[in-house]
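Quick look at protein.tsv (TSV, N, CA and C atoms):
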chain	number	residue	atom	x	y	z
A	1	MET	N	6.94	28.50	-2.88
A	1	MET	CA	7.52	29.15	-1.73
A	1	MET	C	7.31	30.64	-1.84
A	2	ASN	N	6.84	31.26	-0.79
A	2	ASN	CA	6.66	32.70	-0.77
A	2	ASN	C	7.98	33.38	-0.49
A	3	THR	N	8.22	34.50	-1.17
A	3	THR	CA	9.45	35.24	-0.93
A	3	THR	C	9.11	36.62	-0.42
A	4	ALA	N	10.06	37.21	0.26
A	4	ALA	CA	9.87	38.56	0.78
A	4	ALA	C	9.94	39.56	-0.35
A	5	LEU	N	9.13	40.58	-0.26
A	5	LEU	CA	9.11	41.63	-1.27
A	5	LEU	C	9.72	42.89	-0.70
A	6	THR	N	10.62	43.51	-1.44
A	6	THR	CA	11.21	44.77	-1.01
A	6	THR	C	10.18	45.87	-1.17
A	7	LEU	N	10.04	46.70	-0.15
A	7	LEU	CA	9.03	47.75	-0.19
A	7	LEU	C	9.62	49.12	-0.49
A	8	GLY	N	10.93	49.23	-0.58
A	8	GLY	CA	11.52	50.52	-0.96
A	8	GLY	C	11.97	51.33	0.23
A	9	ASN	N	11.85	52.64	0.11
A	9	ASN	CA	12.34	53.58	1.10
A	9	ASN	C	11.62	53.40	2.43
A	10	THR	N	12.38	53.14	3.49
A	10	THR	CA	11.78	52.86	4.79
A	10	THR	C	11.17	54.09	5.44
A	11	SER	N	11.70	55.27	5.17
A	11	SER	CA	11.17	56.46	5.83
A	11	SER	C	9.73	56.74	5.41
A	12	LYS	N	9.38	56.40	4.19
A	12	LYS	CA	8.01	56.57	3.74
A	12	LYS	C	7.07	55.60	4.45
A	13	ASN	N	7.55	54.38	4.73
A	13	ASN	CA	6.72	53.36	5.34
A	13	ASN	C	6.50	53.58	6.83
A	14	LEU	N	7.32	54.39	7.48
A	14	LEU	CA	7.17	54.61	8.91
A	14	LEU	C	6.07	55.61	9.23
A	15	ASN	N	5.61	56.38	8.28
A	15	ASN	CA	4.62	57.41	8.52
A	15	ASN	C	3.22	56.89	8.24
A	16	SER	N	2.76	55.96	9.04
A	16	SER	CA	1.41	55.44	8.83
A	16	SER	C	0.42	56.32	9.58
A	17	SER	N	-0.83	56.24	9.18
A	17	SER	CA	-1.85	57.08	9.81
A	17	SER	C	-2.20	56.59	11.21
A	18	GLU	N	-2.06	55.30	11.49
A	18	GLU	CA	-2.36	54.76	12.81
A	18	GLU	C	-1.21	53.88	13.27
A	19	PRO	N	-0.10	54.47	13.64
A	19	PRO	CA	1.04	53.64	14.03
A	19	PRO	C	0.80	52.94	15.35
A	20	GLY	N	1.22	51.70	15.43
A	20	GLY	CA	1.15	50.97	16.68
A	20	GLY	C	2.30	51.38	17.58
A	21	GLU	N	2.30	50.87	18.78
A	21	GLU	CA	3.36	51.21	19.74
A	21	GLU	C	4.73	50.86	19.20
A	22	ASN	N	4.87	49.67	18.61
A	22	ASN	CA	6.17	49.27	18.07
A	22	ASN	C	6.59	50.17	16.92
A	23	THR	N	5.67	50.53	16.06
A	23	THR	CA	6.00	51.39	14.93
A	23	THR	C	6.41	52.76	15.42
A	24	ARG	N	5.76	53.29	16.45
A	24	ARG	CA	6.16	54.59	17.01
A	24	ARG	C	7.57	54.52	17.56
A	25	ARG	N	7.88	53.45	18.25
A	25	ARG	CA	9.23	53.30	18.78
A	25	ARG	C	10.25	53.22	17.66
A	26	LEU	N	9.93	52.46	16.63
A	26	LEU	CA	10.85	52.30	15.51
A	26	LEU	C	11.03	53.60	14.73
A	27	SER	N	9.98	54.40	14.67
A	27	SER	CA	10.09	55.64	13.90
A	27	SER	C	11.02	56.65	14.57
A	28	LEU	N	11.32	56.45	15.84
A	28	LEU	CA	12.24	57.34	16.55
A	28	LEU	C	13.69	57.06	16.17
A	29	ILE	N	13.93	55.92	15.55
A	29	ILE	CA	15.28	55.52	15.18
A	29	ILE	C	15.43	55.70	13.68
A	30	THR	N	16.50	56.35	13.27
A	30	THR	CA	16.65	56.63	11.85
A	30	THR	C	18.01	56.18	11.33
A	31	GLY	N	18.09	56.12	10.02
A	31	GLY	CA	19.36	55.88	9.33
A	31	GLY	C	20.02	54.57	9.66
A	32	ASN	N	21.32	54.62	9.73
A	32	ASN	CA	22.13	53.41	9.93
A	32	ASN	C	22.08	52.89	11.34
A	33	HIS	N	21.53	53.62	12.27
A	33	HIS	CA	21.53	53.21	13.67
A	33	HIS	C	20.46	52.17	13.99
A	34	ILE	N	19.56	51.90	13.09
A	34	ILE	CA	18.44	51.02	13.37
A	34	ILE	C	18.89	49.62	13.76
A	35	HIS	N	19.93	49.11	13.14
A	35	HIS	CA	20.36	47.74	13.45
A	35	HIS	C	21.22	47.68	14.70
A	36	ASP	N	21.62	48.83	15.24
A	36	ASP	CA	22.40	48.86	16.47
A	36	ASP	C	21.52	48.81	17.71
A	37	VAL	N	20.24	49.05	17.55
A	37	VAL	CA	19.31	49.12	18.68
A	37	VAL	C	18.92	47.71	19.11
A	38	ASP	N	18.83	47.51	20.42
A	38	ASP	CA	18.40	46.22	20.94
A	38	ASP	C	16.94	45.99	20.59
A	39	VAL	N	16.69	45.01	19.76
A	39	VAL	CA	15.34	44.74	19.28
A	39	VAL	C	14.40	44.36	20.44
A	40	PHE	N	14.94	43.75	21.47
A	40	PHE	CA	14.09	43.37	22.61
A	40	PHE	C	13.61	44.60	23.38
A	41	ALA	N	14.41	45.63	23.45
A	41	ALA	CA	13.99	46.87	24.10
A	41	ALA	C	12.86	47.51	23.31
A	42	LEU	N	12.91	47.43	21.99
A	42	LEU	CA	11.85	48.00	21.15
A	42	LEU	C	10.50	47.35	21.42
A	43	PHE	N	10.52	46.05	21.71
A	43	PHE	CA	9.29	45.32	21.95
A	43	PHE	C	8.93	45.23	23.43
A	44	GLY	N	9.76	45.84	24.28
A	44	GLY	CA	9.48	45.80	25.71
A	44	GLY	C	9.83	44.47	26.34
A	45	TRP	N	10.69	43.71	25.70
A	45	TRP	CA	11.06	42.39	26.19
A	45	TRP	C	12.52	42.34	26.63
A	46	ASN	N	13.12	43.46	26.95
A	46	ASN	CA	14.53	43.48	27.31
A	46	ASN	C	14.80	42.80	28.65
A	47	ASP	N	13.77	42.55	29.44
A	47	ASP	CA	13.95	41.88	30.73
A	47	ASP	C	13.85	40.36	30.64
A	48	LEU	N	13.67	39.82	29.44
A	48	LEU	CA	13.59	38.37	29.29
A	48	LEU	C	14.92	37.71	29.62
A	49	PRO	N	14.88	36.49	30.13
A	49	PRO	CA	16.12	35.75	30.37
A	49	PRO	C	16.86	35.49	29.06
A	50	GLN	N	18.17	35.36	29.15
A	50	GLN	CA	19.00	35.19	27.95
A	50	GLN	C	18.60	33.96	27.14
A	51	SER	N	18.17	32.89	27.79
A	51	SER	CA	17.79	31.68	27.07
A	51	SER	C	16.61	31.94	26.12
A	52	LEU	N	15.65	32.73	26.57
A	52	LEU	CA	14.51	33.06	25.71
A	52	LEU	C	14.93	34.01	24.59
A	53	LYS	N	15.77	34.98	24.93
A	53	LYS	CA	16.26	35.90	23.90
A	53	LYS	C	17.01	35.15	22.81
A	54	ASN	N	17.83	34.20	23.20
A	54	ASN	CA	18.58	33.42	22.21
A	54	ASN	C	17.65	32.61	21.31
A	55	ALA	N	16.57	32.10	21.88
A	55	ALA	CA	15.64	31.27	21.11
A	55	ALA	C	14.85	32.07	20.07
A	56	ILE	N	14.66	33.38	20.31
A	56	ILE	CA	13.81	34.16	19.40
A	56	ILE	C	14.52	35.35	18.76
A	57	ARG	N	15.82	35.50	18.95
A	57	ARG	CA	16.52	36.67	18.42
A	57	ARG	C	16.31	36.87	16.92
A	58	SER	N	16.49	35.83	16.12
A	58	SER	CA	16.34	36.00	14.67
A	58	SER	C	14.90	36.34	14.30
A	59	ASP	N	13.93	35.80	15.04
A	59	ASP	CA	12.53	36.13	14.80
A	59	ASP	C	12.28	37.62	15.05
A	60	MET	N	12.82	38.12	16.14
A	60	MET	CA	12.60	39.51	16.52
A	60	MET	C	13.28	40.47	15.55
A	61	GLU	N	14.46	40.12	15.10
A	61	GLU	CA	15.17	40.98	14.14
A	61	GLU	C	14.42	41.03	12.82
A	62	ALA	N	13.89	39.89	12.38
A	62	ALA	CA	13.13	39.87	11.14
A	62	ALA	C	11.83	40.65	11.28
A	63	TYR	N	11.18	40.53	12.44
A	63	TYR	CA	9.94	41.27	12.69
A	63	TYR	C	10.21	42.77	12.69
A	64	ARG	N	11.30	43.19	13.32
A	64	ARG	CA	11.69	44.60	13.32
A	64	ARG	C	11.90	45.10	11.89
A	65	ASP	N	12.61	44.32	11.09
A	65	ASP	CA	12.88	44.72	9.72
A	65	ASP	C	11.60	44.83	8.90
A	66	GLU	N	10.65	43.96	9.17
A	66	GLU	CA	9.39	44.03	8.45
A	66	GLU	C	8.58	45.26	8.89
A	67	LEU	N	8.58	45.55	10.18
A	67	LEU	CA	7.88	46.75	10.66
A	67	LEU	C	8.49	48.02	10.07
A	68	LEU	N	9.79	47.98	9.82
A	68	LEU	CA	10.46	49.12	9.21
A	68	LEU	C	10.17	49.24	7.72
A	69	GLY	N	9.56	48.22	7.15
A	69	GLY	CA	9.23	48.26	5.74
A	69	GLY	C	10.35	47.78	4.85
A	70	LEU	N	11.32	47.08	5.41
A	70	LEU	CA	12.43	46.59	4.60
A	70	LEU	C	11.99	45.43	3.70
A	71	TYR	N	10.96	44.73	4.11
A	71	TYR	CA	10.36	43.68	3.28
A	71	TYR	C	8.99	43.36	3.85
A	72	SER	N	8.25	42.59	3.10
A	72	SER	CA	6.93	42.16	3.55
A	72	SER	C	6.78	40.68	3.26
A	73	THR	N	6.14	39.98	4.16
A	73	THR	CA	5.90	38.57	3.93
A	73	THR	C	4.43	38.25	4.17
A	74	CYS	N	3.94	37.34	3.39
A	74	CYS	CA	2.57	36.87	3.61
A	74	CYS	C	2.59	35.38	3.90
A	75	ASP	N	3.76	34.88	4.26
A	75	ASP	CA	3.95	33.47	4.54
A	75	ASP	C	3.19	33.05	5.80
A	76	GLY	N	2.39	32.05	5.69
A	76	GLY	CA	1.62	31.55	6.82
A	76	GLY	C	2.49	31.01	7.93
A	77	GLY	N	3.62	30.43	7.58
A	77	GLY	CA	4.55	29.91	8.57
A	77	GLY	C	5.14	31.00	9.44
A	78	VAL	N	5.42	32.15	8.83
A	78	VAL	CA	5.96	33.29	9.57
A	78	VAL	C	4.92	33.80	10.56
A	79	LYS	N	3.69	33.92	10.10
A	79	LYS	CA	2.61	34.38	10.98
A	79	LYS	C	2.40	33.40	12.13
A	80	SER	N	2.45	32.13	11.84
A	80	SER	CA	2.29	31.11	12.87
A	80	SER	C	3.43	31.17	13.88
A	81	ARG	N	4.65	31.37	13.40
A	81	ARG	CA	5.80	31.46	14.30
A	81	ARG	C	5.66	32.68	15.21
A	82	ARG	N	5.22	33.80	14.67
A	82	ARG	CA	5.05	34.99	15.49
A	82	ARG	C	4.01	34.77	16.59
A	83	LYS	N	2.94	34.08	16.25
A	83	LYS	CA	1.93	33.76	17.26
A	83	LYS	C	2.52	32.86	18.33
A	84	SER	N	3.34	31.91	17.92
A	84	SER	CA	3.97	30.99	18.86
A	84	SER	C	4.92	31.74	19.79
A	85	VAL	N	5.72	32.64	19.24
A	85	VAL	CA	6.64	33.44	20.06
A	85	VAL	C	5.85	34.25	21.08
A	86	SER	N	4.81	34.94	20.62
A	86	SER	CA	4.00	35.75	21.53
A	86	SER	C	3.36	34.89	22.62
A	87	TYR	N	2.84	33.73	22.22
A	87	TYR	CA	2.19	32.84	23.18
A	87	TYR	C	3.16	32.40	24.28
A	88	TRP	N	4.35	31.91	23.90
A	88	TRP	CA	5.27	31.37	24.88
A	88	TRP	C	5.88	32.46	25.76
A	89	ILE	N	6.12	33.64	25.20
A	89	ILE	CA	6.63	34.74	26.02
A	89	ILE	C	5.56	35.17	27.03
A	90	ARG	N	4.32	35.26	26.58
A	90	ARG	CA	3.21	35.62	27.47
A	90	ARG	C	3.03	34.54	28.55
A	91	ALA	N	3.10	33.27	28.15
A	91	ALA	CA	2.95	32.17	29.12
A	91	ALA	C	4.06	32.23	30.17
A	92	TYR	N	5.27	32.51	29.75
A	92	TYR	CA	6.38	32.63	30.71
A	92	TYR	C	6.15	33.81	31.65
A	93	ARG	N	5.81	34.96	31.10
A	93	ARG	CA	5.61	36.16	31.92
A	93	ARG	C	4.43	36.02	32.88
A	94	ASP	N	3.40	35.28	32.47
A	94	ASP	CA	2.23	35.09	33.32
A	94	ASP	C	2.42	33.98	34.34
A	95	GLY	N	3.56	33.31	34.30
A	95	GLY	CA	3.85	32.25	35.25
A	95	GLY	C	3.20	30.93	34.92
A	96	ILE	N	2.70	30.78	33.71
A	96	ILE	CA	2.04	29.54	33.30
A	96	ILE	C	3.06	28.44	33.04
A	97	CYS	N	4.26	28.83	32.58
A	97	CYS	CA	5.30	27.84	32.32
A	97	CYS	C	6.65	28.39	32.79
A	98	SER	N	7.60	27.51	32.90
A	98	SER	CA	8.94	27.90	33.34
A	98	SER	C	9.74	28.46	32.16
A	99	GLU	N	10.84	29.09	32.49
A	99	GLU	CA	11.76	29.60	31.46
A	99	GLU	C	12.24	28.45	30.58
A	100	GLN	N	12.57	27.32	31.19
A	100	GLN	CA	13.07	26.17	30.44
A	100	GLN	C	12.03	25.62	29.48
A	101	THR	N	10.78	25.57	29.92
A	101	THR	CA	9.70	25.07	29.06
A	101	THR	C	9.50	25.99	27.87
A	102	ALA	N	9.45	27.29	28.11
A	102	ALA	CA	9.26	28.25	27.03
A	102	ALA	C	10.42	28.21	26.05
A	103	ALA	N	11.65	28.17	26.56
A	103	ALA	CA	12.83	28.12	25.69
A	103	ALA	C	12.84	26.85	24.86
A	104	ALA	N	12.49	25.72	25.48
A	104	ALA	CA	12.46	24.45	24.75
A	104	ALA	C	11.39	24.47	23.66
A	105	ALA	N	10.21	25.01	23.97
A	105	ALA	CA	9.13	25.08	22.99
A	105	ALA	C	9.51	25.99	21.83
A	106	LEU	N	10.13	27.13	22.12
A	106	LEU	CA	10.53	28.06	21.08
A	106	LEU	C	11.67	27.53	20.24
A	107	SER	N	12.58	26.82	20.85
A	107	SER	CA	13.69	26.22	20.12
A	107	SER	C	13.20	25.09	19.22
A	108	ALA	N	12.24	24.33	19.70
A	108	ALA	CA	11.72	23.20	18.93
A	108	ALA	C	10.94	23.66	17.71
A	109	THR	N	10.28	24.81	17.80
A	109	THR	CA	9.45	25.25	16.68
A	109	THR	C	10.23	25.99	15.62
A	110	ILE	N	11.50	26.28	15.85
A	110	ILE	CA	12.30	26.98	14.85
A	110	ILE	C	12.43	26.17	13.58
A	111	SER	N	12.62	24.87	13.70
A	111	SER	CA	12.84	24.04	12.53
A	111	SER	C	11.55	23.67	11.81
A	112	VAL	N	10.42	23.99	12.39
A	112	VAL	CA	9.12	23.63	11.79
A	112	VAL	C	8.78	24.56	10.67
How does the structure come out when it is put into structure tokens?
Amino acid sequence: MNTALTLGNTSKNLNSSEPGENTRRLSLITGNHIHDVDVFALFGWNDLPQSLKNAIRSDMEAYRDELLGLYSTCDGGVKSRRKSVSYWIRAYRDGICSEQTAAAALSATISV
């Protein structure tokens, strides 16, 4: 089983040479306030229906923590889950599937 590795001081990890959009947003938040921020707003998904937010909240919080450098994972299951979350959110937003279908698919894959 792969375990998360602590990367140390988060402020050092936020100063990358090519920060992505999410990393830039996260770097604006400092100190103890980071966990008070709505993780969906950071990813631009604050307009999602509550059912979808509930299905992926723990995924998004873990992803935020990893972007902050609080830990790192190389687990294939985590990478697969992130792809699944992105796929179903994109499918819902593009009108390919209903909110109920996306929520059901995301809820079903949590236990996998």
For segment 80-89 of chain A, list every protein, DNA or RNA residue within 8 Å, evaluated using all atoms listed in the file, and leave out those in the same chain fewer than 3 positions away; present the list as a PyMOL selection string. chain A and resi 56+59+75-77+92-95+97+101-103+105-106+109-110
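Taking atom N of Tyr63 of chain A and atom C of Val39 of chain A as endpoints, the distance between them is 9.4 Å.
Straight-line separation from atom C of Arg90 of chain A to atom C of Phe43 of chain A: 13.2 Å.
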Let me make sure I understand: among A:Met60, A:Ala91, A:Ala108, A:Val78, which one has the smallest atom-to-atom distance to Asn46 of chain A if we use only C-alpha atoms? A:Met60
Could you jot down the atom C of Ala55 of chain A to atom CA of Tyr71 of chain A separation for me, Å, one decimal place? 20.9 Å
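Using all atoms listed in the file, the shortest contact distance between Asn54 of chain A and any of A:Glu66, A:Ser98, A:Leu42, A:Ser107 is found at A:Ser107.
Nearest-residue note for Pro49 of chain A: choosing from A:Ala104, A:Glu99, A:Ala62, A:Gly69, the minimum distance belongs to A:Glu99, counting all atoms listed in the file.
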Is it possible to dump segment 40-93 of chain A as a PDB file, in the first residue's frame, including just C-alpha atoms?
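Generated output (out17.pdb):
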ATOM      1  CA  PHE A  40     -14.830  24.363  -4.934  1.00  0.00           C
ATOM      2  CA  ALA A  41     -14.284  28.090  -5.443  1.00  0.00           C
ATOM      3  CA  LEU A  42     -10.543  27.439  -5.772  1.00  0.00           C
ATOM      4  CA  PHE A  43     -11.176  25.015  -8.619  1.00  0.00           C
ATOM      5  CA  GLY A  44     -13.880  27.134 -10.241  1.00  0.00           C
ATOM      6  CA  TRP A  45     -16.553  24.588  -9.400  1.00  0.00           C
ATOM      7  CA  ASN A  46     -18.523  26.604  -6.841  1.00  0.00           C
ATOM      8  CA  ASP A  47     -21.560  26.611  -9.146  1.00  0.00           C
ATOM      9  CA  LEU A  48     -21.936  22.815  -9.062  1.00  0.00           C
ATOM     10  CA  PRO A  49     -25.148  21.391  -7.613  1.00  0.00           C
ATOM     11  CA  GLN A  50     -24.929  20.285  -3.978  1.00  0.00           C
ATOM     12  CA  SER A  51     -25.322  16.602  -4.900  1.00  0.00           C
ATOM     13  CA  LEU A  52     -22.124  16.697  -6.971  1.00  0.00           C
ATOM     14  CA  LYS A  53     -20.268  18.689  -4.318  1.00  0.00           C
ATOM     15  CA  ASN A  54     -21.230  16.123  -1.698  1.00  0.00           C
ATOM     16  CA  ALA A  55     -20.020  13.266  -3.901  1.00  0.00           C
ATOM     17  CA  ILE A  56     -16.540  14.765  -4.408  1.00  0.00           C
ATOM     18  CA  ARG A  57     -15.915  16.986  -1.357  1.00  0.00           C
ATOM     19  CA  SER A  58     -13.312  14.709   0.260  1.00  0.00           C
ATOM     20  CA  ASP A  59     -11.558  14.268  -3.106  1.00  0.00           C
ATOM     21  CA  MET A  60     -11.330  18.024  -3.598  1.00  0.00           C
ATOM     22  CA  GLU A  61     -10.063  18.680  -0.080  1.00  0.00           C
ATOM     23  CA  ALA A  62      -7.359  16.045  -0.483  1.00  0.00           C
ATOM     24  CA  TYR A  63      -6.387  17.457  -3.883  1.00  0.00           C
ATOM     25  CA  ARG A  64      -6.143  20.954  -2.389  1.00  0.00           C
ATOM     26  CA  ASP A  65      -3.927  19.659   0.415  1.00  0.00           C
ATOM     27  CA  GLU A  66      -1.659  17.931  -2.065  1.00  0.00           C
ATOM     28  CA  LEU A  67      -1.362  21.066  -4.211  1.00  0.00           C
ATOM     29  CA  LEU A  68      -0.378  22.931  -1.059  1.00  0.00           C
ATOM     30  CA  GLY A  69       2.415  20.438  -0.510  1.00  0.00           C
ATOM     31  CA  LEU A  70       1.001  18.971   2.678  1.00  0.00           C
ATOM     32  CA  TYR A  71       1.614  15.492   1.278  1.00  0.00           C
ATOM     33  CA  SER A  72       2.314  13.722  -1.970  1.00  0.00           C
ATOM     34  CA  THR A  73       0.850  10.549  -3.355  1.00  0.00           C
ATOM     35  CA  CYS A  74       1.869   8.376  -6.245  1.00  0.00           C
ATOM     36  CA  ASP A  75      -1.051   6.002  -5.788  1.00  0.00           C
ATOM     37  CA  GLY A  76      -2.563   4.950  -9.093  1.00  0.00           C
ATOM     38  CA  GLY A  77      -6.012   4.738  -7.538  1.00  0.00           C
ATOM     39  CA  VAL A  78      -5.866   8.392  -6.512  1.00  0.00           C
ATOM     40  CA  LYS A  79      -4.853   9.443 -10.015  1.00  0.00           C
ATOM     41  CA  SER A  80      -7.638   7.339 -11.491  1.00  0.00           C
ATOM     42  CA  ARG A  81     -10.191   8.843  -9.111  1.00  0.00           C
ATOM     43  CA  ARG A  82      -9.108  12.370 -10.043  1.00  0.00           C
ATOM     44  CA  LYS A  83      -9.552  11.559 -13.720  1.00  0.00           C
ATOM     45  CA  SER A  84     -12.990  10.155 -12.966  1.00  0.00           C
ATOM     46  CA  VAL A  85     -14.009  13.267 -11.022  1.00  0.00           C
ATOM     47  CA  SER A  86     -12.815  15.537 -13.834  1.00  0.00           C
ATOM     48  CA  TYR A  87     -14.554  13.407 -16.456  1.00  0.00           C
ATOM     49  CA  TRP A  88     -17.958  13.359 -14.735  1.00  0.00           C
ATOM     50  CA  ILE A  89     -17.892  17.057 -13.826  1.00  0.00           C
ATOM     51  CA  ARG A  90     -16.974  17.914 -17.425  1.00  0.00           C
ATOM     52  CA  ALA A  91     -19.688  15.564 -18.748  1.00  0.00           C
ATOM     53  CA  TYR A  92     -22.282  17.220 -16.510  1.00  0.00           C
ATOM     54  CA  ARG A  93     -21.203  20.745 -17.465  1.00  0.00           C
TER      55      ARG A  93
END
